[in-house]
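Just query_16.txt here, compact mmCIF, C-alpha atoms:
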# COMPACT_ATOMS: atom_id res chain seq x y z
CA MET J 555 3.03 54.35 -32.06
CA ALA J 556 6.79 54.42 -31.38
CA ARG J 557 8.61 51.20 -31.95
CA ILE J 558 10.76 50.06 -29.03
CA THR J 559 13.59 47.61 -29.41
CA VAL J 560 15.05 45.86 -26.37
CA LYS J 561 18.55 44.59 -26.64
CA VAL J 562 19.54 41.76 -24.25
CA ILE J 563 23.21 41.75 -23.48
CA GLY J 564 24.40 38.43 -22.20
CA PRO J 565 26.18 35.23 -23.09
CA LYS J 566 26.12 34.27 -26.73
CA ASN J 567 24.16 31.05 -26.31
CA PHE J 568 21.76 32.27 -23.62
CA ALA J 569 18.99 29.75 -24.30
CA LYS J 570 21.44 26.87 -24.53
CA GLU J 571 23.09 27.85 -21.24
CA GLN J 572 19.74 28.16 -19.50
CA LEU J 573 18.73 24.71 -20.70
CA SER J 574 21.98 23.29 -19.38
CA ILE J 575 21.41 24.91 -15.97
CA ILE J 576 17.85 23.60 -15.81
CA ARG J 577 19.00 20.12 -16.81
CA ASP J 578 21.66 20.07 -14.07
CA LEU J 579 19.20 21.37 -11.49
CA SER J 580 16.56 18.78 -12.36
CA GLU J 581 19.17 15.97 -12.22
CA ARG J 582 20.22 17.05 -8.74
CA GLN J 583 16.63 17.36 -7.56
CA LEU J 584 15.69 13.97 -9.02
CA GLU J 585 18.62 12.34 -7.25
CA ALA J 586 17.66 14.07 -4.00
CA VAL J 587 14.07 12.79 -4.33
CA ALA J 588 15.40 9.27 -4.99
CA ARG J 589 17.73 9.36 -1.95
CA GLU J 590 14.96 10.62 0.32
CA THR J 591 12.56 8.00 -1.00
CA GLU J 592 15.19 5.36 -0.24
CA THR J 593 15.41 6.68 3.34
CA GLU J 594 11.62 6.70 3.62
CA ILE J 595 11.11 3.12 2.44
CA ARG J 596 13.84 1.86 4.78
CA SER J 597 12.22 3.75 7.63
CA GLN J 598 8.82 2.24 6.80
CA ILE J 599 10.35 -1.26 6.83
CA ASP J 600 12.05 -0.56 10.18
CA ALA J 601 8.77 0.68 11.64
CA SER J 602 7.04 -2.56 10.63
CA ILE J 603 9.46 -4.89 12.46
CA THR J 604 7.82 -6.67 15.39
CA ARG J 605 10.57 -8.95 16.65
CA ALA J 606 14.04 -8.13 17.96
CA GLY J 607 17.21 -9.23 16.19
CA SER J 608 16.55 -7.99 12.66
CA THR J 609 19.61 -8.19 10.39
CA GLY J 610 18.36 -5.27 8.28
CA LYS J 611 18.68 -7.39 5.13
CA LEU J 612 15.27 -6.45 3.72
CA LYS J 613 15.58 -2.71 4.21
CA ASN J 614 19.14 -2.67 2.85
CA SER J 615 17.93 -4.42 -0.29
CA PHE J 616 16.09 -1.23 -1.23
CA PHE J 617 18.42 1.41 -2.59
CA ALA J 618 18.30 4.30 -5.05
CA GLU J 619 19.73 3.38 -8.44
CA LYS J 620 20.32 5.48 -11.56
CA HIS J 621 19.12 4.04 -14.85
CA SER J 622 18.61 5.26 -18.40
CA GLU J 623 15.25 6.91 -17.66
CA GLY J 624 16.11 8.46 -14.32
CA TRP J 625 16.24 7.03 -10.81
CA GLY J 626 14.48 4.06 -9.23
CA ILE J 627 14.22 2.43 -5.81
CA GLY J 628 13.79 -1.31 -5.42
CA ASN J 629 15.36 -3.36 -8.22
CA ILE J 630 12.92 -6.25 -8.51
CA GLU J 631 15.45 -8.70 -9.96
CA PHE J 632 17.80 -7.98 -7.07
CA LEU J 633 14.99 -8.28 -4.53
CA ASN J 634 13.77 -11.58 -5.99
CA SER J 635 17.26 -13.07 -5.80
CA THR J 636 18.41 -11.73 -2.39
CA THR J 637 15.22 -11.28 -0.37
CA PRO J 638 12.49 -13.26 -2.17
CA TYR J 639 10.12 -12.74 0.76
CA TRP J 640 9.96 -8.97 0.07
CA ALA J 641 6.54 -9.27 -1.64
CA HIS J 642 5.13 -11.55 1.07
CA VAL J 643 6.12 -9.04 3.75
CA ASN J 644 4.79 -6.07 1.79
CA PHE J 645 1.48 -7.45 0.54
CA GLY J 646 0.93 -10.14 3.17
CA SER J 647 0.32 -13.71 2.17
CA GLU J 648 -1.45 -16.85 3.16
CA ALA J 649 1.79 -18.84 3.14
CA ILE J 650 5.23 -18.90 1.60
CA GLY J 651 5.06 -22.27 -0.03
CA ALA J 652 2.70 -24.67 -1.66
CA ASN J 653 -0.13 -24.73 0.82
CA ARG J 654 -1.60 -23.45 4.01
CA ASN J 655 0.32 -26.02 6.10
CA PHE J 656 3.73 -24.60 5.34
CA ARG J 657 6.37 -26.02 7.65
CA VAL J 658 9.25 -23.64 8.48
CA PRO J 659 12.86 -24.75 7.81
CA ARG J 660 14.50 -26.47 10.80
CA GLY J 661 15.94 -24.07 13.35
CA ALA J 662 15.17 -22.54 16.74
CA PHE J 663 13.97 -19.35 18.37
CA GLN J 664 16.89 -17.08 19.24
CA PRO J 665 18.28 -15.91 21.55
CA GLY J 666 18.14 -19.04 23.67
CA GLY J 667 17.80 -21.81 21.09
CA SER J 668 14.35 -22.71 22.34
CA ALA J 669 11.81 -24.95 20.69
CA PRO J 670 8.49 -23.60 19.41
CA SER J 671 5.79 -23.58 22.07
CA SER J 672 2.02 -23.60 21.84
CA THR J 673 1.90 -20.20 23.53
CA GLY J 674 4.06 -18.59 20.86
CA SER J 675 7.32 -16.73 21.18
CA LYS J 676 8.52 -13.17 20.99
CA GLN J 677 11.93 -14.27 19.76
CA ARG J 678 13.13 -14.55 16.16
CA TRP J 679 13.13 -17.88 14.28
CA VAL J 680 16.63 -18.55 12.94
CA PRO J 681 16.79 -21.41 10.37
CA GLY J 682 19.75 -23.75 10.81
CA SER J 683 20.31 -22.84 14.48
CA GLY J 684 18.46 -25.84 15.88
CA ASN J 685 16.60 -29.02 15.06
CA PHE J 686 13.04 -27.84 15.63
CA SER J 687 10.26 -27.01 13.19
CA PHE J 688 6.59 -26.06 13.23
CA GLU J 689 3.73 -25.32 10.91
CA ASN J 690 3.05 -21.67 10.12
CA PRO J 691 0.07 -20.92 12.40
CA GLY J 692 -1.31 -17.97 10.50
CA PRO J 693 -1.05 -15.73 7.46
CA ILE J 694 1.73 -13.18 7.09
CA ALA J 695 0.33 -9.75 7.91
CA PRO J 696 0.80 -7.11 5.19
CA ARG J 697 3.24 -4.30 6.05
CA ASN J 698 2.39 -2.18 3.00
CA TYR J 699 5.76 -0.41 3.19
CA ILE J 700 5.66 0.31 -0.56
CA ALA J 701 2.19 1.87 -0.49
CA LYS J 702 3.11 3.94 2.57
CA THR J 703 6.23 5.24 0.85
CA VAL J 704 4.37 6.09 -2.36
CA ALA J 705 1.76 7.97 -0.31
CA LYS J 706 4.55 10.21 0.99
CA ILE J 707 6.21 10.91 -2.38
CA ASN J 708 4.42 14.21 -3.00
CA GLN J 709 5.63 15.45 0.37
CA ILE J 710 9.19 14.34 -0.42
CA ILE J 711 9.10 16.16 -3.77
CA SER J 712 7.74 19.35 -2.12
CA ASN J 713 10.48 19.23 0.49
CA VAL J 714 13.22 18.81 -2.12
CA LEU J 715 11.88 21.59 -4.35
CA SER J 716 11.44 23.98 -1.44
CA ARG J 717 15.09 23.50 -0.48
CA GLY J 718 16.09 24.87 -3.91
CA ILE J 719 19.01 22.48 -4.41
CA MET I 1490 -19.89 3.46 30.75
CA ALA I 1491 -20.47 4.66 27.19
CA PRO I 1492 -19.15 2.50 24.31
CA ILE I 1493 -16.26 3.99 22.36
CA VAL I 1494 -17.44 5.94 19.34
CA TYR I 1495 -16.34 5.03 15.84
CA GLU I 1496 -13.55 7.33 14.74
CA ASP I 1497 -12.66 8.49 11.24
CA ASP I 1498 -10.68 5.34 10.36
CA THR I 1499 -13.53 2.93 11.05
CA ASN I 1500 -16.15 5.32 9.67
CA LEU I 1501 -14.12 5.57 6.47
CA GLU I 1502 -13.74 1.79 6.13
CA ASN I 1503 -17.42 1.24 6.70
CA SER I 1504 -18.41 4.07 4.35
CA LEU I 1505 -16.40 2.50 1.53
CA TYR I 1506 -17.73 -0.93 2.40
CA ASP I 1507 -21.34 0.30 2.32
CA PHE I 1508 -20.74 2.18 -0.93
CA LEU I 1509 -19.28 -0.82 -2.78
CA SER I 1510 -21.82 -3.18 -1.24
CA ALA I 1511 -24.66 -1.01 -2.53
CA LYS I 1512 -23.07 -0.94 -5.99
CA ILE I 1513 -22.73 -4.74 -6.06
CA THR I 1514 -26.41 -5.04 -5.14
CA SER I 1515 -27.76 -2.34 -7.46
CA GLU I 1516 -25.80 -3.70 -10.44
CA SER I 1517 -26.49 -7.34 -9.52
CA LEU I 1518 -22.79 -7.87 -10.07
CA THR I 1519 -21.83 -11.51 -10.67
CA VAL I 1520 -18.86 -13.47 -12.00
CA ILE I 1521 -18.48 -17.07 -13.15
CA GLY I 1522 -17.46 -19.14 -10.10
CA GLU I 1523 -15.26 -22.22 -9.68
CA ASN I 1524 -17.96 -24.65 -10.72
CA GLY I 1525 -19.21 -22.59 -13.67
CA ASP I 1526 -22.06 -21.10 -11.68
CA THR I 1527 -22.61 -17.36 -11.27
CA VAL I 1528 -21.44 -15.98 -7.93
CA THR I 1529 -21.58 -12.56 -6.31
CA PRO I 1530 -18.19 -11.22 -5.19
CA THR I 1531 -17.75 -11.20 -1.42
CA LEU I 1532 -16.87 -7.87 0.16
CA THR I 1533 -14.98 -7.90 3.48
CA LEU I 1534 -13.27 -5.55 5.93
CA GLY I 1535 -9.72 -6.19 7.14
CA TRP I 1536 -6.59 -7.78 5.68
CA LYS I 1537 -7.05 -11.33 6.95
CA PHE I 1538 -8.39 -13.85 4.49
CA ASN I 1539 -10.70 -16.50 5.83
CA SER I 1540 -10.28 -19.80 4.01
CA GLU I 1541 -14.02 -20.46 4.41
CA TRP I 1542 -14.85 -17.57 2.10
CA SER I 1543 -15.55 -18.34 -1.55
CA LEU I 1544 -13.53 -16.47 -4.10
CA PRO I 1545 -13.70 -13.83 -5.52
CA VAL I 1546 -13.23 -11.62 -2.47
CA ILE I 1547 -12.72 -7.85 -2.36
CA SER I 1548 -11.25 -6.80 1.00
CA LEU I 1549 -10.51 -3.29 2.17
CA TYR I 1550 -9.06 -1.59 5.23
CA VAL I 1551 -7.52 1.68 6.35
CA ASP I 1552 -3.81 1.01 6.89
CA SER I 1553 -2.47 4.33 8.19
CA THR I 1554 -2.94 8.08 8.18
CA ASN I 1555 -0.66 10.99 7.36
CA PRO I 1556 -1.76 14.05 9.34
CA VAL I 1557 0.22 17.14 8.30
CA ARG I 1558 -0.23 20.45 10.04
CA SER I 1559 -2.59 22.63 7.99
CA PHE I 1560 -0.56 25.79 8.59
CA VAL I 1561 2.14 27.12 10.92
CA GLY I 1562 0.99 27.86 14.45
CA ASN I 1563 -2.22 25.83 14.22
CA ASN I 1564 -2.94 22.33 15.51
CA ARG I 1565 -5.49 21.56 12.86
CA ARG I 1566 -4.38 18.73 10.58
CA ILE I 1567 -4.98 17.91 6.95
CA GLU I 1568 -5.28 14.18 7.20
CA THR I 1569 -5.07 11.69 4.35
CA PHE I 1570 -5.91 8.04 4.94
CA LEU I 1571 -4.17 5.17 3.20
CA ILE I 1572 -6.74 2.56 2.16
CA ILE I 1573 -5.65 -0.84 0.87
CA VAL I 1574 -7.99 -2.83 -1.38
CA ASP I 1575 -7.17 -6.44 -2.24
CA ILE I 1576 -9.00 -8.16 -5.05
CA ARG I 1577 -8.65 -11.96 -4.91
CA ALA I 1578 -10.02 -13.72 -7.97
CA LEU I 1579 -10.20 -17.15 -9.54
CA ASN I 1580 -8.35 -16.31 -12.75
CA ASP I 1581 -6.45 -13.56 -14.59
CA GLY I 1582 -9.47 -12.20 -16.44
CA MET I 1583 -11.64 -11.97 -13.32
CA GLN I 1584 -8.78 -10.27 -11.49
CA LYS I 1585 -8.46 -7.56 -14.17
CA ASN I 1586 -12.21 -7.07 -14.58
CA LEU I 1587 -12.97 -6.78 -10.88
CA THR I 1588 -10.03 -4.40 -10.39
CA ARG I 1589 -11.30 -2.18 -13.19
CA TRP I 1590 -14.80 -2.31 -11.69
CA VAL I 1591 -13.56 -1.19 -8.26
CA ILE I 1592 -11.49 1.64 -9.75
CA ASP I 1593 -14.41 2.88 -11.87
CA LYS I 1594 -16.78 2.86 -8.89
CA ILE I 1595 -14.59 4.81 -6.49
CA ASN I 1596 -12.97 7.12 -9.02
CA ASP I 1597 -15.41 9.97 -8.26
CA GLY I 1598 -15.25 9.39 -4.51
CA PHE I 1599 -17.95 8.18 -2.16
CA PRO I 1600 -20.14 9.47 0.69
CA PHE I 1601 -18.65 9.61 4.19
CA TYR I 1602 -20.88 8.39 6.99
CA GLU I 1603 -20.47 8.59 10.75
CA TYR I 1604 -21.68 5.46 12.47
CA THR I 1605 -23.18 5.27 15.95
CA PRO I 1606 -23.10 1.94 17.82
CA ALA I 1607 -26.58 0.40 18.16
CA GLY I 1608 -26.33 -3.34 18.72
CA ASN I 1609 -25.82 -5.23 15.45
CA ASN I 1610 -27.11 -2.40 13.29
CA PRO I 1611 -25.19 0.83 13.86
CA THR I 1612 -27.00 3.92 12.65
CA LYS I 1613 -25.29 6.05 10.01
CA THR I 1614 -25.46 9.71 9.05
CA GLN I 1615 -23.77 11.21 6.03
CA THR I 1616 -21.52 14.03 7.20
CA GLY I 1617 -19.24 14.51 4.22
CA TYR I 1618 -17.64 13.16 1.09
CA VAL I 1619 -14.40 11.30 0.40
CA THR I 1620 -12.13 12.13 -2.52
CA VAL I 1621 -9.57 9.58 -3.61
CA ASP I 1622 -6.19 9.48 -5.32
CA PHE I 1623 -4.92 6.21 -6.67
CA ASN I 1624 -1.32 5.59 -5.53
CA THR I 1625 -0.45 2.06 -6.57
CA ASN I 1626 -2.15 -0.68 -8.55
CA ASN I 1627 -0.08 -3.86 -8.50
CA ILE I 1628 -0.51 -7.47 -9.49
CA VAL I 1629 0.69 -9.43 -6.45
CA ARG I 1630 3.16 -12.06 -7.60
CA LEU I 1631 3.96 -14.50 -4.84
CA GLY I 1632 5.03 -17.42 -7.02
CA ASP I 1633 3.33 -20.24 -8.86
CA ASP I 1634 3.01 -22.26 -5.67
CA SER I 1635 1.12 -19.60 -3.72
CA ALA I 1636 -2.26 -20.30 -2.17
CA LEU I 1637 -5.28 -19.82 -4.48
CA ALA I 1638 -6.30 -16.75 -2.48
CA ASP I 1639 -2.96 -15.16 -3.44
CA LYS I 1640 -2.59 -16.53 -6.98
CA TYR I 1641 -4.84 -14.05 -8.83
CA ARG I 1642 -4.55 -11.09 -6.55
CA GLN I 1643 -4.48 -7.37 -7.24
CA ASN I 1644 -3.48 -4.80 -4.65
CA LEU I 1645 -4.65 -1.18 -4.81
CA SER I 1646 -3.54 1.58 -2.48
CA ILE I 1647 -5.56 4.77 -2.31
CA SER I 1648 -5.10 8.06 -0.52
CA ALA I 1649 -8.45 9.27 0.76
CA PHE I 1650 -9.34 12.72 1.99
CA ILE I 1651 -12.55 13.44 3.92
CA THR I 1652 -14.39 16.70 3.36
CA THR I 1653 -17.03 17.21 6.02
CA THR I 1654 -20.12 19.28 5.25
What's the structure tokens form of this structure?
Amino acid sequence: MARITVKVIGPKNFAKEQLSIIRDLSERQLEAVARETETEIRSQIDASITRAGSTGKLKNSFFAEKHSEGWGIGNIEFLNSTTPYWAHVNFGSEAIGANRNFRVPRGAFQPGGSAPSSTGSKQRWVPGSGNFSFENPGPIAPRNYIAKTVAKINQIISNVLSRGI
Amino acid sequence: MAPIVYEDDTNLENSLYDFLSAKITSESLTVIGENGDTVTPTLTLGWKFNSEWSLPVISLYVDSTNPVRSFVGNNRRIETFLIIVDIRALNDGMQKNLTRWVIDKINDGFPFYEYTPAGNNPTKTQTGYVTVDFNTNNIVRLGDDSALADKYRQNLSISAFITTT
């Protein structure tokens, strides 16, 4: 059988160059996935808000961050120091505090500066804005914004890869 | 006027509830309770914890769905359901063991039943099977001063897909 030799004419370090291209591409795609995941988790938090007047502090505490092993969203140390209620809101909890009869810090319902009423209020409790207080009447409902975001990650990855960044 | 039928969300919750309930019974599953006696874990539907329940409690509920279009030009959806399972235990060891037990039981999926209202005992017919993907498995850390129901708590989130026969 005849022996056929194929000669590839190209850059000297073909394999090395290809690896460099693949590395750059995967870095860009990973960053794109991180940024879109950041958008998704913020959107999930927004969708879970039930009262007007949100400052956006919780959602803005989640951001994409580069670290030695890649990208991450939601720096737990940062969350614990700036928005320590992040876990209570995500997982739900019986009470923030020592026991079931947690008393909220003194304040008032805003806008209006009204006192708590037995029929409840659709306003937002703002600590320090008044001299009222009340006992937490019920558990904090879970928002599951982390689980909802994780459930969408495969879709986010597909979207990024299909765009061929 | 006919009562509303159970839709996929409630059928899925009840199917998983029935599946785990049957496993607890068939295995005579028990743990060591608060007073050193053997207790059977309580299985419940929904996210709200009732302080009258004795720990340990395994609660489950469907949180949300993600219906993507199956293909262009068609209104049929491929729907995945996000199921949240909370395991509330009396200590670290029980928390880990019960979590592992739940994961092992549902790893291979479970039967999907459609329920028909009939007083206190709805009738059920198996119409498919549910496959599961585990998304998150987190220890819930709400602080040393959290309520006992939150102190030794594990949170699982699962994506479930129903295949009807």
- Residue among J:Ala569, J:Ile630, J:Ala588, J:Ala606 lying closest to chain I, counting all atoms listed in the file: J:Ile630
Return as CSV the residues of chain J lying at most 10 Å from chain I, together with the closest atom-to-atom pair for each and the distance in Å to one decimal, counting only C-alpha atoms, with rows in chain order and ascending residue number.
residue,atom,partner,partner_atom,distance
J:Pro638,CA,I:Leu1631,CA,9.0
J:Tyr639,CA,I:Leu1631,CA,8.5
J:Trp640,CA,I:Leu1631,CA,9.5
J:Ala641,CA,I:Leu1631,CA,6.7
J:His642,CA,I:Leu1631,CA,6.7
J:Asn644,CA,I:Val1629,CA,9.8
J:Phe645,CA,I:Val1629,CA,7.3
J:Gly646,CA,I:Trp1536,CA,8.3
J:Ser647,CA,I:Asp1639,CA,6.7
J:Glu648,CA,I:Ala1636,CA,6.4
J:Ala649,CA,I:Ala1636,CA,6.8
J:Ile650,CA,I:Ser1635,CA,6.8
J:Gly651,CA,I:Asp1634,CA,6.0
J:Ala652,CA,I:Asp1634,CA,4.7
J:Asn653,CA,I:Ala1636,CA,5.8
J:Arg654,CA,I:Ala1636,CA,7.0
J:Gly692,CA,I:Lys1537,CA,9.5
J:Pro693,CA,I:Lys1537,CA,7.5
J:Ile694,CA,I:Lys1537,CA,9.0
J:Ala695,CA,I:Trp1536,CA,7.5
J:Pro696,CA,I:Trp1536,CA,7.4
J:Arg697,CA,I:Asp1552,CA,8.9
J:Asn698,CA,I:Asp1552,CA,8.0
J:Ile700,CA,I:Thr1625,CA,8.7
J:Ala701,CA,I:Ser1646,CA,6.1
J:Lys702,CA,I:Leu1571,CA,7.4
J:Thr703,CA,I:Asn1624,CA,9.9
J:Val704,CA,I:Asn1624,CA,6.5
J:Ala705,CA,I:Asn1624,CA,6.5
J:Lys706,CA,I:Asn1555,CA,8.3
J:Ile707,CA,I:Asn1624,CA,9.7
J:Gln709,CA,I:Val1557,CA,9.7
- Task: Measure the distance from atom CA of Asp1498 of chain I to atom CA of Tyr1550 of chain I in Å and round it to one decimal.
- Result: 8.8 Å
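The interatomic distance for the pair atom CA of His621 of chain J and atom CA of Val643 of chain J works out to 26.2 Å.
The space between atom CA of Thr604 of chain J and atom CA of Ala662 of chain J spans 17.5 Å.
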- Find the residues around Asp1497 of chain I up to 9 Å (only C-alpha atoms counted), leave out those fewer than 3 positions away in its own chain, and share them as an MDAnalysis selection string. chainID I and resid 1500:1502 1603 1651
- Within 10 Å of Lys1594 of chain I, counting all atoms listed in the file, which residues qualify if same-chain residues fewer than 3 places away don't, as a ChimeraX atom specification? /I:1508-1509,1512,1589-1591,1597-1599
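Taking all atoms listed in the file into account, Ile1521 of chain I lies nearest to I:Gly1582 out of the set I:Leu1505, I:Gly1582, I:Ser1548, I:Asn1564.
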Hey, could you pull the box centre and edge lengths for segment 588-605 of chain J, axis-aligned, 4 Å padding per side, all listed atoms, to one decimal in Å, as AutoDock Vina command-line options?
--center_x 12.4 --center_y 0.8 --center_z 5.8 --size_x 18.7 --size_y 27.6 --size_z 29.6
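Using only C-alpha atoms, the nearest neighbour of Pro1600 of chain I within the list I:Met1583, I:Ala1578, I:Val1621, I:Val1528 is I:Val1621.
Every protein or nucleic acid residue with an atom no more than 9 Å from Ser683 of chain J, counting all atoms listed in the file and leaving out same-chain residues fewer than 2 positions away, appears here: Arg660, Gly661, Ala662, Phe663, Gln664, Gly667, Trp679, Val680, Pro681, Asn685 and Phe686 of chain J.
The closest residue to Ser1504 of chain I, picked from I:Ile1628, I:Leu1518, I:Val1551, I:Leu1579 and counting all atoms listed in the file, is I:Val1551.
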List as a short mmCIF file (atom, residue, chain, number, x, y, z; two decimals) with C-alpha atoms, in the frame of the given file the protein and nucleic acid residues near Glu1523 of chain I, meaning an atom at most 10 Å away when all atoms listed in the file are counted, but skip any in the same chain fewer than 3 places from it.
data_model
loop_
_atom_site.label_atom_id
_atom_site.label_comp_id
_atom_site.auth_asym_id
_atom_site.auth_seq_id
_atom_site.Cartn_x
_atom_site.Cartn_y
_atom_site.Cartn_z
CA VAL I 1520 -18.86 -13.47 -12.00
CA ASP I 1526 -22.06 -21.10 -11.68
CA THR I 1527 -22.61 -17.36 -11.27
CA VAL I 1528 -21.44 -15.98 -7.93
CA SER I 1543 -15.55 -18.34 -1.55
CA LEU I 1544 -13.53 -16.47 -4.10
CA PRO I 1545 -13.70 -13.83 -5.52
CA LEU I 1579 -10.20 -17.15 -9.54
CA ASN I 1580 -8.35 -16.31 -12.75
#
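Using all atoms listed in the file, the smallest distance between any of I:Val1546, I:Tyr1604, I:Ser1510, I:Ser1515 and Gln1584 of chain I comes from I:Val1546.
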